[in-house]
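Next comes run.txt, a file with compact mmCIF, C-alpha atoms and all ligand atoms.
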# COMPACT_ATOMS: atom_id res chain seq x y z
CA MET R 1 -73.75 8.18 192.39
CA ASP R 2 -76.14 5.20 192.27
CA ASN R 3 -76.67 5.57 195.98
CA ILE R 4 -77.80 9.13 195.53
CA LYS R 5 -80.16 7.99 192.75
CA ILE R 6 -81.62 5.23 194.91
CA ASN R 7 -82.02 7.63 197.79
CA ARG R 8 -83.64 10.22 195.55
CA ASP R 9 -86.10 7.66 194.13
CA ARG R 10 -86.89 6.49 197.63
CA LEU R 11 -87.26 10.02 198.87
CA PHE R 12 -89.56 10.87 195.96
CA ASP R 13 -91.64 7.80 196.73
CA LEU R 14 -91.84 8.69 200.43
CA LEU R 15 -92.73 12.25 199.56
CA LEU R 16 -95.53 11.13 197.25
CA ARG R 17 -96.95 8.80 199.89
CA GLY R 18 -96.56 11.31 202.69
CA LEU R 19 -97.94 14.37 200.90
CA PRO R 20 -101.21 15.40 202.55
CA VAL R 21 -102.41 16.99 199.30
CA ALA R 22 -103.21 15.59 195.87
CA PHE R 23 -100.29 15.52 193.44
CA PHE R 24 -99.84 14.53 189.82
CA MET R 25 -97.20 14.94 187.19
CA VAL R 26 -97.65 15.00 183.41
CA ASP R 27 -95.38 14.61 180.39
CA ALA R 28 -95.15 17.03 177.46
CA ASP R 29 -98.44 15.65 176.03
CA LEU R 30 -100.21 16.33 179.35
CA LYS R 31 -100.50 12.58 180.01
CA ILE R 32 -100.22 11.60 183.65
CA ILE R 33 -96.93 9.98 184.69
CA GLU R 34 -97.30 10.21 188.48
CA PHE R 35 -100.41 10.24 190.64
CA ASN R 36 -100.47 10.06 194.44
CA HIS R 37 -103.03 8.49 196.80
CA VAL R 38 -104.77 11.76 197.73
CA ALA R 39 -105.29 12.43 194.02
CA GLN R 40 -106.80 8.93 193.76
CA ASP R 41 -109.17 9.64 196.66
CA LEU R 42 -110.30 12.98 195.26
CA THR R 43 -110.69 12.05 191.61
CA GLY R 44 -111.85 8.47 192.08
CA TRP R 45 -109.24 7.33 189.50
CA GLU R 46 -106.85 4.52 190.42
CA ARG R 47 -103.17 5.31 189.92
CA THR R 48 -102.83 2.46 187.39
CA GLU R 49 -105.65 3.74 185.18
CA ALA R 50 -104.72 7.41 185.59
CA ILE R 51 -101.14 6.84 184.41
CA GLY R 52 -100.97 7.35 180.65
CA THR R 53 -104.35 9.16 180.55
CA PRO R 54 -104.58 12.88 179.61
CA CYS R 55 -104.97 14.91 182.80
CA SER R 56 -108.02 16.71 181.37
CA LEU R 57 -109.92 13.39 181.33
CA VAL R 58 -108.94 12.56 184.89
CA LEU R 59 -109.57 15.99 186.36
CA ASN R 60 -112.49 17.22 184.27
CA SER R 61 -111.67 20.62 185.66
CA SER R 62 -113.59 23.81 184.94
CA LEU R 63 -110.30 25.17 183.52
CA CYS R 64 -109.27 22.23 181.32
CA GLY R 65 -111.31 23.25 178.28
CA GLN R 66 -110.40 26.93 178.21
CA LEU R 67 -107.28 27.84 180.11
CA CYS R 68 -105.17 24.79 181.02
CA PRO R 69 -103.09 26.01 183.98
CA LEU R 70 -100.15 23.79 182.99
CA LYS R 71 -100.05 25.11 179.41
CA GLU R 72 -100.52 28.66 180.71
CA SER R 73 -97.73 28.17 183.21
CA ALA R 74 -95.45 26.93 180.36
CA ARG R 75 -96.51 29.80 178.09
CA LEU R 76 -95.90 32.47 180.73
CA GLY R 77 -92.86 30.73 182.21
CA LYS R 78 -94.19 31.00 185.75
CA SER R 79 -96.05 28.87 188.25
CA PHE R 80 -99.48 29.45 189.76
CA VAL R 81 -100.13 29.26 193.47
CA ALA R 82 -103.43 28.76 195.32
CA ARG R 83 -105.82 29.18 192.41
CA GLU R 84 -109.41 27.98 192.46
CA ALA R 85 -111.18 25.56 190.12
CA VAL R 86 -113.87 22.90 190.22
CA ILE R 87 -113.13 19.32 189.21
CA SER R 88 -115.66 16.66 188.43
CA ASN R 89 -114.55 13.33 189.83
CA LYS R 90 -115.14 9.89 188.34
CA PHE R 91 -118.51 9.74 190.07
CA GLY R 92 -119.72 13.04 188.66
CA GLU R 93 -119.27 14.81 191.98
CA GLU R 94 -118.16 18.39 191.53
CA ILE R 95 -115.43 19.34 193.98
CA PRO R 96 -114.05 22.85 194.41
CA ILE R 97 -110.27 22.72 194.65
CA ILE R 98 -107.39 25.03 195.43
CA PHE R 99 -104.44 24.16 193.23
CA SER R 100 -100.88 25.19 192.43
CA SER R 101 -99.25 24.25 189.15
CA ALA R 102 -95.87 24.56 187.53
CA SER R 103 -94.29 23.39 184.31
CA VAL R 104 -90.76 22.25 183.63
CA LEU R 105 -89.32 23.70 180.41
CA ASN R 106 -86.45 22.40 178.30
CA ASP R 107 -83.64 24.54 176.85
CA LYS R 108 -85.86 25.54 173.93
CA GLY R 109 -88.53 26.79 176.30
CA GLU R 110 -90.88 23.90 175.50
CA MET R 111 -92.81 22.12 178.19
CA GLU R 112 -91.18 18.86 179.20
CA ALA R 113 -93.24 18.04 182.25
CA GLY R 114 -95.79 19.63 184.56
CA VAL R 115 -96.77 19.21 188.19
CA GLU R 116 -99.94 20.10 189.99
CA LEU R 117 -100.77 20.04 193.69
CA PHE R 118 -104.37 20.45 194.80
CA ARG R 119 -106.66 20.07 197.77
CA ASP R 120 -110.38 19.77 198.41
CA ALA R 121 -111.79 23.22 199.14
CA SER R 122 -115.43 22.12 199.66
CA GLU R 123 -115.20 22.77 203.36
CA ASP R 124 -113.99 26.35 202.76
CA SER R 125 -116.86 27.15 200.41
CA ARG R 126 -119.40 25.32 202.63
CA ILE R 127 -118.37 27.48 205.58
CA GLN R 128 -118.57 30.59 203.43
CA MET R 129 -121.98 29.62 202.07
CA LEU R 130 -123.24 28.91 205.59
CA ARG R 131 -121.88 32.24 206.83
CA ASN R 132 -123.50 34.11 203.94
CA HIS R 133 -126.76 32.24 204.45
CA ILE R 134 -126.90 33.14 208.17
CA ILE R 135 -126.08 36.80 207.51
CA SER R 136 -128.61 36.94 204.68
CA VAL R 137 -131.45 35.42 206.76
CA PHE R 138 -130.62 37.76 209.63
CA ALA R 139 -130.51 40.84 207.36
CA HIS R 140 -133.81 39.92 205.68
CA ASP R 141 -135.44 39.32 209.09
CA ILE R 142 -134.48 42.69 210.49
CA LYS R 143 -135.19 44.56 207.25
CA THR R 144 -138.99 44.55 207.65
CA PRO R 145 -139.20 45.69 211.31
CA VAL R 146 -136.65 48.43 210.61
CA ALA R 147 -138.67 49.65 207.62
CA VAL R 148 -141.94 49.49 209.60
CA THR R 149 -140.40 51.42 212.53
CA GLY R 150 -139.15 54.06 210.08
CA GLY R 151 -142.63 54.39 208.60
CA PHE R 152 -144.26 54.94 212.00
CA VAL R 153 -141.62 57.46 213.08
CA GLN R 154 -142.25 59.36 209.85
CA ARG R 155 -146.01 59.41 210.57
CA LEU R 156 -145.37 60.72 214.10
CA ILE R 157 -143.14 63.49 212.67
CA GLN R 158 -145.87 64.40 210.18
CA GLY R 159 -148.27 64.85 213.13
CA LYS R 160 -150.53 61.98 212.11
CA ALA R 161 -150.90 60.91 215.75
CA GLY R 162 -151.48 64.38 217.12
CA PRO R 163 -149.22 67.28 218.09
CA ILE R 164 -145.71 66.58 219.37
CA SER R 165 -143.56 68.96 221.40
CA PRO R 166 -140.49 70.53 219.71
CA LYS R 167 -138.21 68.43 221.92
CA GLY R 168 -140.23 65.31 220.97
CA LEU R 169 -139.82 66.21 217.27
CA GLU R 170 -136.09 66.65 217.75
CA TYR R 171 -135.82 63.17 219.30
CA LEU R 172 -138.02 61.63 216.58
CA GLU R 173 -135.79 63.17 213.92
CA MET R 174 -132.77 61.56 215.57
CA ILE R 175 -134.55 58.19 215.58
CA ARG R 176 -135.50 58.64 211.91
CA LYS R 177 -131.89 59.35 210.95
CA GLU R 178 -130.47 56.37 212.85
CA ASN R 179 -133.22 54.17 211.44
CA ALA R 180 -132.36 55.28 207.90
CA ARG R 181 -128.69 54.49 208.62
CA VAL R 182 -129.56 50.93 209.71
CA GLU R 183 -131.79 50.52 206.63
CA GLY R 184 -128.92 51.64 204.40
CA LEU R 185 -126.58 49.21 206.14
CA ILE R 186 -128.96 46.29 205.60
CA GLU R 187 -129.33 47.17 201.91
CA ARG R 188 -125.55 47.35 201.48
CA LEU R 189 -125.09 44.04 203.25
CA LEU R 190 -127.71 42.30 201.12
CA GLY R 191 -126.19 43.85 197.99
CA LEU R 192 -122.77 42.58 199.01
CA LEU R 193 -124.08 39.06 199.64
CA ARG R 194 -125.76 39.05 196.22
CA MET R 195 -122.53 40.21 194.58
CA GLU R 196 -120.44 37.57 196.40
CA GLY R 197 -122.95 34.86 195.57
CA GLY R 198 -122.74 35.78 191.88
CA GLN R 199 -126.42 36.85 191.83
CA THR R 200 -125.63 40.39 190.74
CA ARG R 201 -125.17 40.64 187.00
CA LEU R 202 -122.40 42.97 185.96
CA PHE R 203 -123.29 45.07 182.93
CA THR R 204 -119.81 45.52 181.52
CA GLU R 205 -118.88 47.66 178.53
CA PRO R 206 -115.55 48.78 177.08
CA VAL R 207 -114.48 51.87 179.01
CA SER R 208 -111.36 53.99 178.67
CA LEU R 209 -109.68 53.80 182.07
CA ASP R 210 -108.49 57.33 181.55
CA ALA R 211 -111.98 58.76 181.03
CA PHE R 212 -113.36 56.63 183.86
CA LEU R 213 -110.81 57.84 186.42
CA TYR R 214 -111.27 61.41 185.23
CA LYS R 215 -115.03 61.19 185.84
CA VAL R 216 -114.63 59.66 189.32
CA LEU R 217 -112.03 62.24 190.35
CA GLU R 218 -114.11 65.17 189.14
CA THR R 219 -117.03 64.20 191.40
CA PHE R 220 -114.64 63.64 194.29
CA ARG R 221 -112.63 66.87 194.07
CA PRO R 222 -115.08 69.18 195.91
CA ARG R 223 -115.00 66.95 199.00
CA ALA R 224 -111.20 66.83 198.96
CA ASP R 225 -111.13 70.63 198.64
CA GLU R 226 -113.24 70.96 201.80
CA LYS R 227 -110.45 69.26 203.77
CA ASN R 228 -107.74 71.00 201.77
CA ILE R 229 -106.50 67.65 200.49
CA LYS R 230 -104.63 67.77 197.20
CA ILE R 231 -105.23 65.16 194.52
CA ALA R 232 -102.18 64.25 192.46
CA VAL R 233 -102.58 62.16 189.32
CA GLU R 234 -99.66 60.19 187.92
CA THR R 235 -100.83 57.92 185.13
CA ASP R 236 -99.39 56.45 181.95
CA GLU R 237 -100.19 58.63 178.97
CA HIS R 238 -102.01 55.88 177.08
CA LEU R 239 -104.18 54.05 179.53
CA PRO R 240 -105.95 50.92 178.29
CA ILE R 241 -109.59 50.11 177.66
CA LEU R 242 -111.18 47.93 180.34
CA LYS R 243 -114.44 46.06 180.43
CA LEU R 244 -116.23 47.62 183.37
CA ASP R 245 -119.63 47.80 184.96
CA GLN R 246 -119.21 51.54 185.43
CA GLU R 247 -121.78 51.96 188.18
CA GLN R 248 -120.29 49.17 190.31
CA MET R 249 -116.69 50.16 189.64
CA GLU R 250 -117.47 53.76 190.54
CA ARG R 251 -118.56 52.46 193.94
CA VAL R 252 -115.20 50.79 194.39
CA PHE R 253 -113.19 53.93 193.62
CA THR R 254 -115.54 56.19 195.55
CA ASN R 255 -115.03 53.93 198.54
CA LEU R 256 -111.24 53.96 198.24
CA LEU R 257 -111.16 57.73 197.79
CA ASP R 258 -113.65 58.27 200.62
CA ASN R 259 -111.47 56.17 202.91
CA ALA R 260 -108.31 57.98 201.82
CA LEU R 261 -110.05 61.24 202.66
CA LYS R 262 -111.62 60.01 205.87
CA TYR R 263 -108.45 58.52 207.33
CA SER R 264 -106.11 61.39 206.35
CA PRO R 265 -105.46 64.65 208.16
CA ALA R 266 -106.12 67.94 206.36
CA ASP R 267 -103.46 69.46 204.09
CA THR R 268 -102.16 66.11 202.83
CA THR R 269 -102.11 64.60 199.33
CA ILE R 270 -103.97 61.68 197.77
CA THR R 271 -102.11 60.28 194.76
CA ILE R 272 -103.77 58.26 192.00
CA LYS R 273 -101.47 56.24 189.81
CA ALA R 274 -102.45 54.00 186.91
CA TRP R 275 -100.27 51.98 184.59
CA LYS R 276 -100.21 48.96 182.30
CA GLU R 277 -98.42 45.77 183.27
CA GLY R 278 -98.72 42.94 180.75
CA ARG R 279 -102.36 41.96 180.41
CA TRP R 280 -103.33 44.07 183.41
CA ALA R 281 -104.08 47.64 184.32
CA ILE R 282 -103.03 48.58 187.84
CA ILE R 283 -104.50 51.50 189.71
CA GLU R 284 -103.10 52.73 193.00
CA VAL R 285 -104.79 55.07 195.46
CA ARG R 286 -102.22 56.33 197.94
CA ASP R 287 -102.83 58.55 200.95
CA GLN R 288 -100.74 60.17 203.67
CA GLY R 289 -103.16 59.21 206.40
CA ILE R 290 -103.09 57.33 209.69
CA GLY R 291 -102.17 53.99 208.04
CA ILE R 292 -103.28 50.50 208.99
CA PRO R 293 -101.53 48.48 211.72
CA PRO R 294 -99.88 45.31 210.29
CA GLU R 295 -102.10 43.05 212.42
CA ASP R 296 -105.24 44.60 210.86
CA LEU R 297 -104.04 44.61 207.27
CA PRO R 298 -104.97 40.97 206.44
CA HIS R 299 -108.55 41.54 207.67
CA ILE R 300 -109.62 44.90 206.26
CA PHE R 301 -111.44 43.29 203.31
CA ASP R 302 -113.54 41.15 205.72
CA TYR R 303 -117.14 42.00 206.56
CA PHE R 304 -117.49 44.62 209.30
CA TYR R 305 -113.77 44.70 210.09
CA ARG R 306 -112.49 48.06 211.31
CA SER R 307 -109.09 48.72 212.84
CA MET R 308 -109.16 50.10 216.38
CA LEU R 309 -107.02 52.96 215.15
CA SER R 310 -109.58 54.05 212.55
CA SER R 311 -112.59 53.57 214.87
CA GLY R 312 -111.29 56.39 217.04
CA TYR R 313 -110.62 58.53 213.95
CA ALA R 314 -113.75 58.41 211.78
CA GLN R 315 -117.10 56.68 211.52
CA GLY R 316 -117.62 53.74 209.20
CA THR R 317 -119.42 50.47 208.62
CA GLY R 318 -116.59 48.10 207.72
CA LEU R 319 -118.51 47.04 204.61
CA GLY R 320 -116.93 49.26 201.95
CA LEU R 321 -113.79 47.25 201.28
CA ALA R 322 -115.66 43.92 201.40
CA SER R 323 -117.99 45.28 198.67
CA ALA R 324 -115.01 46.65 196.73
CA ARG R 325 -113.36 43.24 196.77
CA ALA R 326 -116.52 41.44 195.61
CA ILE R 327 -116.94 43.91 192.72
CA VAL R 328 -113.28 43.83 191.65
CA GLU R 329 -113.18 40.02 191.77
CA GLY R 330 -116.44 39.95 189.81
CA HIS R 331 -114.51 41.81 187.08
CA GLY R 332 -111.75 39.16 187.13
CA GLY R 333 -109.40 41.45 189.07
CA ARG R 334 -107.75 41.63 192.47
CA ILE R 335 -107.55 44.28 195.18
CA TRP R 336 -104.94 44.56 197.93
CA ALA R 337 -103.37 47.07 200.27
CA LYS R 338 -100.01 48.11 201.70
CA SER R 339 -99.63 50.44 204.61
CA TRP R 340 -97.07 52.37 206.58
CA PRO R 341 -98.64 53.16 209.98
CA GLY R 342 -98.50 56.84 210.74
CA LYS R 343 -97.42 57.62 207.18
CA GLY R 344 -100.20 56.41 204.89
CA SER R 345 -101.66 53.55 202.89
CA SER R 346 -101.83 52.39 199.29
CA PHE R 347 -104.70 50.44 197.78
CA PHE R 348 -104.06 48.62 194.51
CA ILE R 349 -106.57 47.32 191.99
CA ARG R 350 -105.56 45.03 189.15
CA LEU R 351 -108.00 44.66 186.25
CA PRO R 352 -107.75 42.72 182.96
CA ILE R 353 -107.17 44.87 179.88
CA ASP R 354 -109.65 44.79 177.01
CA GLY R 355 -107.87 47.04 174.47
CA SER R 356 -105.90 50.27 174.12
CA SER R 357 -107.22 53.79 174.44
CA PRO R 358 -105.95 56.37 171.94
CA LYS R 359 -105.18 59.39 174.12
CA GLY R 360 -105.24 60.56 177.72
CA VAL R 361 -107.94 62.80 179.15
CA ILE R 362 -107.03 62.80 182.86
CA LYS R 363 -105.86 66.16 183.99
CA PRO R 364 -103.69 66.61 187.05
P1 LIG B 401 -115.20 51.77 206.88
O1 LIG B 401 -116.60 52.14 206.55
O2 LIG B 401 -115.00 51.40 208.31
O3 LIG B 401 -114.22 52.76 206.40
P2 LIG B 401 -114.12 49.90 204.94
O4 LIG B 401 -114.56 48.51 204.65
O5 LIG B 401 -114.12 50.87 203.83
O6 LIG B 401 -115.02 50.38 206.14
O7 LIG B 401 -112.66 49.82 205.56
C1 LIG B 401 -112.39 48.83 206.56
C2 LIG B 401 -111.32 49.33 207.51
O8 LIG B 401 -110.06 49.39 206.83
C3 LIG B 401 -111.56 50.72 208.03
O9 LIG B 401 -112.43 50.73 209.15
C4 LIG B 401 -110.14 51.12 208.43
O10 LIG B 401 -109.80 50.48 209.66
C5 LIG B 401 -109.29 50.48 207.36
N1 LIG B 401 -109.02 51.42 206.25
C6 LIG B 401 -109.55 51.40 205.01
N2 LIG B 401 -109.03 52.37 204.23
C7 LIG B 401 -108.10 52.99 204.99
C8 LIG B 401 -107.18 54.08 204.75
N3 LIG B 401 -107.12 54.68 203.56
N4 LIG B 401 -106.38 54.46 205.78
C9 LIG B 401 -106.45 53.83 206.98
N5 LIG B 401 -107.28 52.80 207.27
C10 LIG B 401 -108.10 52.39 206.29
Can I see the file as structure tokens?
Amino acid sequence: MDNIKINRDRLFDLLLRGLPVAFFMVDADLKIIEFNHVAQDLTGWERTEAIGTPCSLVLNSSLCGQLCPLKESARLGKSFVAREAVISNKFGEEIPIIFSSASVLNDKGEMEAGVELFRDASEDSRIQMLRNHIISVFAHDIKTPVAVTGGFVQRLIQGKAGPISPKGLEYLEMIRKENARVEGLIERLLGLLRMEGGQTRLFTEPVSLDAFLYKVLETFRPRADEKNIKIAVETDEHLPILKLDQEQMERVFTNLLDNALKYSPADTTITIKAWKEGRWAIIEVRDQGIGIPPEDLPHIFDYFYRSMLSSGYAQGTGLGLASARAIVEGHGGRIWAKSWPGKGSSFFIRLPIDGSSPKGVIKP
């Protein structure tokens, strides 16, 4: 028995020393009782001084004051994996981290101990910032020449440089259209970068999810009718109130519905489902379209990513889902997809609930 204990202690010690990520453990009062060397490196606290100190003092995390992940994990009885936060180390340096936390509960459901694993995510965000910076400079640089070209083409069409043959006018019109498409693309890209960089302010207001979905679907129906695609609505009777920037969120749903329409053959059905799950509202947009190959699925929310399958099927920019993700995450939600190639796809959006709406207005 003792042997097992000694081995376990030794193993625990080896594990702590060998772990390539920061680790600490707290007691029921959130005071640190274990602290490994990576945690020392990241926080600047020595193990000896960290032990016995409240973890909020050692971590100074952006979450400590409001939503302690360990207390939350105890309250909800579940662990958190790969969440983001920013800690301020002993030297005042702010470090973005990715962390996972879990609490150990006693028989009465009270927290007895908690563990947290975290790693430095500065490199991830530096790469992302650099990528966004390069794209932004590039988009700004090409914006002016594209606009100037468009202006001159317009003047030529208006005959400001003398008469042009009908064939010439036809070609100029084609140039004007393509030019406008590129201009639109640049605007969308810059808008997306602003949203991702947190520079776009969301003007949120309490909105009944029911009324919101009803409005979006009404504007979408005529286009679905053109392709003889049926829209089925299956929602909870009492949908909740959400805090939404309606204009931005409309873009998200328009994009999902447009895609469902674009990547589905005629005479199929698009189903919208919405329901409440704990503190969240979940909305699903399901189609019976071409589907997304499994190797493409993890990338469809990336900038400019388009599956080979869809490229041969319909035109697109590969920016819609990246924008949708930025907007949904800006609302504190998540967006993800499932797909069955050849049979269809489902897109899910999870949004935090703000209240409860009295009655349903969505009509099938
Ligand atoms: P796009 O303008 O190309 O549609 P999106 O960002 O909206 O750009 O979507 C990215 C890619 O994800 C699409 O090019 C397509 O490959 C895939 N996709 C998105 N929605 C669907 C869908 N409903 N069915 C099949 N593929 C889809």
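Among the candidates R:Val216, R:Val148, R:Val38, R:Ala211, the one nearest to Asp120 of chain R when counting all atoms listed in the file is R:Val38.
Proximity ranking of R:Thr317, R:Ser323, R:Thr144, R:Gln246 relative to ligand LIG 401 (chain B) places R:Thr317 first, based on only C-alpha atoms and all ligand atoms.
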Check which residues fall inside 6 Å of ligand LIG 401 (chain B) when counting all atoms listed in the file, and print them as an mmCIF file with C-alpha atoms, keeping the file's coordinate frame.
data_model
loop_
_atom_site.group_PDB
_atom_site.id
_atom_site.type_symbol
_atom_site.label_atom_id
_atom_site.label_comp_id
_atom_site.auth_asym_id
_atom_site.auth_seq_id
_atom_site.Cartn_x
_atom_site.Cartn_y
_atom_site.Cartn_z
ATOM 1 C CA ASN R 259 -111.470 56.170 202.910
ATOM 2 C CA ALA R 260 -108.310 57.980 201.820
ATOM 3 C CA TYR R 263 -108.450 58.520 207.330
ATOM 4 C CA GLY R 289 -103.160 59.210 206.400
ATOM 5 C CA ILE R 290 -103.090 57.330 209.690
ATOM 6 C CA GLY R 291 -102.170 53.990 208.040
ATOM 7 C CA ILE R 292 -103.280 50.500 208.990
ATOM 8 C CA ILE R 300 -109.620 44.900 206.260
ATOM 9 C CA TYR R 305 -113.770 44.700 210.090
ATOM 10 C CA ARG R 306 -112.490 48.060 211.310
ATOM 11 C CA SER R 307 -109.090 48.720 212.840
ATOM 12 C CA SER R 310 -109.580 54.050 212.550
ATOM 13 C CA GLY R 316 -117.620 53.740 209.200
ATOM 14 C CA THR R 317 -119.420 50.470 208.620
ATOM 15 C CA GLY R 318 -116.590 48.100 207.720
ATOM 16 C CA LEU R 319 -118.510 47.040 204.610
ATOM 17 C CA GLY R 320 -116.930 49.260 201.950
ATOM 18 C CA LEU R 321 -113.790 47.250 201.280
ATOM 19 C CA ALA R 322 -115.660 43.920 201.400
ATOM 20 C CA SER R 345 -101.660 53.550 202.890
#
Using only C-alpha atoms, determine which residues lie at most 8 Å from Ile270 of chain R, disregarding the query and same-chain residues fewer than 4 positions distant; provide the list as JSON, numbers by chain.
-> {"R": [229, 230, 231, 232, 260, 261, 285, 286, 287, 288]}
12 Å contact set for segment 179-186 of chain R, only C-alpha atoms, chain neighbours under 4 positions out, as a JSON list (two decimals) with C-alpha atoms, in the coordinates of the input:
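Wrote out_22.json, looks like this:
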[["chain", "number", "residue", "atom", "x", "y", "z"],
["R", 135, "ILE", "CA", -126.08, 36.80, 207.51],
["R", 136, "SER", "CA", -128.61, 36.94, 204.68],
["R", 137, "VAL", "CA", -131.45, 35.42, 206.76],
["R", 138, "PHE", "CA", -130.62, 37.76, 209.63],
["R", 139, "ALA", "CA", -130.51, 40.84, 207.36],
["R", 140, "HIS", "CA", -133.81, 39.92, 205.68],
["R", 141, "ASP", "CA", -135.44, 39.32, 209.09],
["R", 142, "ILE", "CA", -134.48, 42.69, 210.49],
["R", 143, "LYS", "CA", -135.19, 44.56, 207.25],
["R", 144, "THR", "CA", -138.99, 44.55, 207.65],
["R", 145, "PRO", "CA", -139.20, 45.69, 211.31],
["R", 146, "VAL", "CA", -136.65, 48.43, 210.61],
["R", 147, "ALA", "CA", -138.67, 49.65, 207.62],
["R", 148, "VAL", "CA", -141.94, 49.49, 209.60],
["R", 149, "THR", "CA", -140.40, 51.42, 212.53],
["R", 150, "GLY", "CA", -139.15, 54.06, 210.08],
["R", 151, "GLY", "CA", -142.63, 54.39, 208.60],
["R", 152, "PHE", "CA", -144.26, 54.94, 212.00],
["R", 153, "VAL", "CA", -141.62, 57.46, 213.08],
["R", 154, "GLN", "CA", -142.25, 59.36, 209.85],
["R", 172, "LEU", "CA", -138.02, 61.63, 216.58],
["R", 173, "GLU", "CA", -135.79, 63.17, 213.92],
["R", 174, "MET", "CA", -132.77, 61.56, 215.57],
["R", 175, "ILE", "CA", -134.55, 58.19, 215.58],
["R", 190, "LEU", "CA", -127.71, 42.30, 201.12],
["R", 191, "GLY", "CA", -126.19, 43.85, 197.99],
["R", 192, "LEU", "CA", -122.77, 42.58, 199.01],
["R", 193, "LEU", "CA", -124.08, 39.06, 199.64],
["R", 303, "TYR", "CA", -117.14, 42.00, 206.56],
["R", 304, "PHE", "CA", -117.49, 44.62, 209.30],
["R", 316, "GLY", "CA", -117.62, 53.74, 209.20],
["R", 317, "THR", "CA", -119.42, 50.47, 208.62],
["R", 318, "GLY", "CA", -116.59, 48.10, 207.72],
["R", 319, "LEU", "CA", -118.51, 47.04, 204.61],
["R", 320, "GLY", "CA", -116.93, 49.26, 201.95]]
Residues of segment 110-164 of chain R that have any atom at most 8 Å from an atom of segment 10-31 of chain R: could you tabulate them with the shortest-distance atom pair and the distance in Å to one decimal, using all atoms listed in the file, ordered by chain and increasing number, as CSV?
residue,atom,partner,partner_atom,distance
R:Met111,CA,R:Ala28,CA,5.6
R:Glu112,CA,R:Ala28,CA,4.7
R:Ala113,CA,R:Asp27,CA,4.5
R:Gly114,CA,R:Val26,CA,5.1
R:Val115,CA,R:Met25,CA,4.4
R:Glu116,CA,R:Phe24,CA,5.6
R:Leu117,CA,R:Phe23,CA,4.6
R:Phe118,CA,R:Ala22,CA,5.1
R:Arg119,CA,R:Val21,CA,5.5
Nearest residue to Asp210 of chain R from the set R:Glu329, R:Glu94, R:Glu234, R:Glu295 (distances using only C-alpha atoms) = R:Glu234
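Among the candidate residues R:Ser311, R:Pro265, R:Ile32, R:Met249, the one lying nearest to Ile349 of chain R is R:Met249, with distances computed using all atoms listed in the file.
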Point-to-point distance from atom CA of Arg47 of chain R to atom CA of Ala82 of chain R, Å rounded to tenths |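 Value for the atom CA of Arg47 of chain R-atom CA of Ala82 of chain R distance: 24.1 Å.
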Would you mind listing what lies within 12 Å of Ile283 of chain R as a ChimeraX atom specification, with all atoms listed in the file counted and same-chain residues fewer than 4 positions away left out?
-> /R:209-210,212-213,233-236,239-240,252-253,256,271-277,328,333-337,346-352
I need the chosen residues saved as a compact mmCIF listing (two decimals), keeping the file's coordinate frame, with C-alpha atoms.
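Produced file out.txt, reproduced below:
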# COMPACT_ATOMS: atom_id res chain seq x y z
CA LEU R 209 -109.68 53.80 182.07
CA ASP R 210 -108.49 57.33 181.55
CA PHE R 212 -113.36 56.63 183.86
CA LEU R 213 -110.81 57.84 186.42
CA VAL R 233 -102.58 62.16 189.32
CA GLU R 234 -99.66 60.19 187.92
CA THR R 235 -100.83 57.92 185.13
CA ASP R 236 -99.39 56.45 181.95
CA LEU R 239 -104.18 54.05 179.53
CA PRO R 240 -105.95 50.92 178.29
CA VAL R 252 -115.20 50.79 194.39
CA PHE R 253 -113.19 53.93 193.62
CA LEU R 256 -111.24 53.96 198.24
CA THR R 271 -102.11 60.28 194.76
CA ILE R 272 -103.77 58.26 192.00
CA LYS R 273 -101.47 56.24 189.81
CA ALA R 274 -102.45 54.00 186.91
CA TRP R 275 -100.27 51.98 184.59
CA LYS R 276 -100.21 48.96 182.30
CA GLU R 277 -98.42 45.77 183.27
CA VAL R 328 -113.28 43.83 191.65
CA GLY R 333 -109.40 41.45 189.07
CA ARG R 334 -107.75 41.63 192.47
CA ILE R 335 -107.55 44.28 195.18
CA TRP R 336 -104.94 44.56 197.93
CA ALA R 337 -103.37 47.07 200.27
CA SER R 346 -101.83 52.39 199.29
CA PHE R 347 -104.70 50.44 197.78
CA PHE R 348 -104.06 48.62 194.51
CA ILE R 349 -106.57 47.32 191.99
CA ARG R 350 -105.56 45.03 189.15
CA LEU R 351 -108.00 44.66 186.25
CA PRO R 352 -107.75 42.72 182.96
Taking the partial coordinates given, rebuild segment 187-192 of chain R to contain N, CA and C atoms; return it as an mmCIF file, keeping the file's coordinate frame.
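Final output, saved to result.cif:
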data_model
loop_
_atom_site.group_PDB
_atom_site.id
_atom_site.type_symbol
_atom_site.label_atom_id
_atom_site.label_comp_id
_atom_site.auth_asym_id
_atom_site.auth_seq_id
_atom_site.Cartn_x
_atom_site.Cartn_y
_atom_site.Cartn_z
ATOM 1 N N GLU R 187 -129.320 47.222 203.383
ATOM 2 C CA GLU R 187 -129.330 47.170 201.910
ATOM 3 C C GLU R 187 -127.938 46.878 201.366
ATOM 4 N N ARG R 188 -126.928 47.544 201.952
ATOM 5 C CA ARG R 188 -125.550 47.350 201.480
ATOM 6 C C ARG R 188 -125.104 45.914 201.718
ATOM 7 N N LEU R 189 -125.485 45.405 202.901
ATOM 8 C CA LEU R 189 -125.090 44.040 203.250
ATOM 9 C C LEU R 189 -125.732 43.041 202.298
ATOM 10 N N LEU R 190 -127.027 43.222 202.021
ATOM 11 C CA LEU R 190 -127.710 42.300 201.120
ATOM 12 C C LEU R 190 -127.132 42.405 199.707
ATOM 13 N N GLY R 191 -126.800 43.640 199.306
ATOM 14 C CA GLY R 191 -126.190 43.850 197.990
ATOM 15 C C GLY R 191 -124.849 43.135 197.890
ATOM 16 N N LEU R 192 -124.083 43.221 198.971
ATOM 17 C CA LEU R 192 -122.770 42.580 199.010
ATOM 18 C C LEU R 192 -122.897 41.062 198.919
#
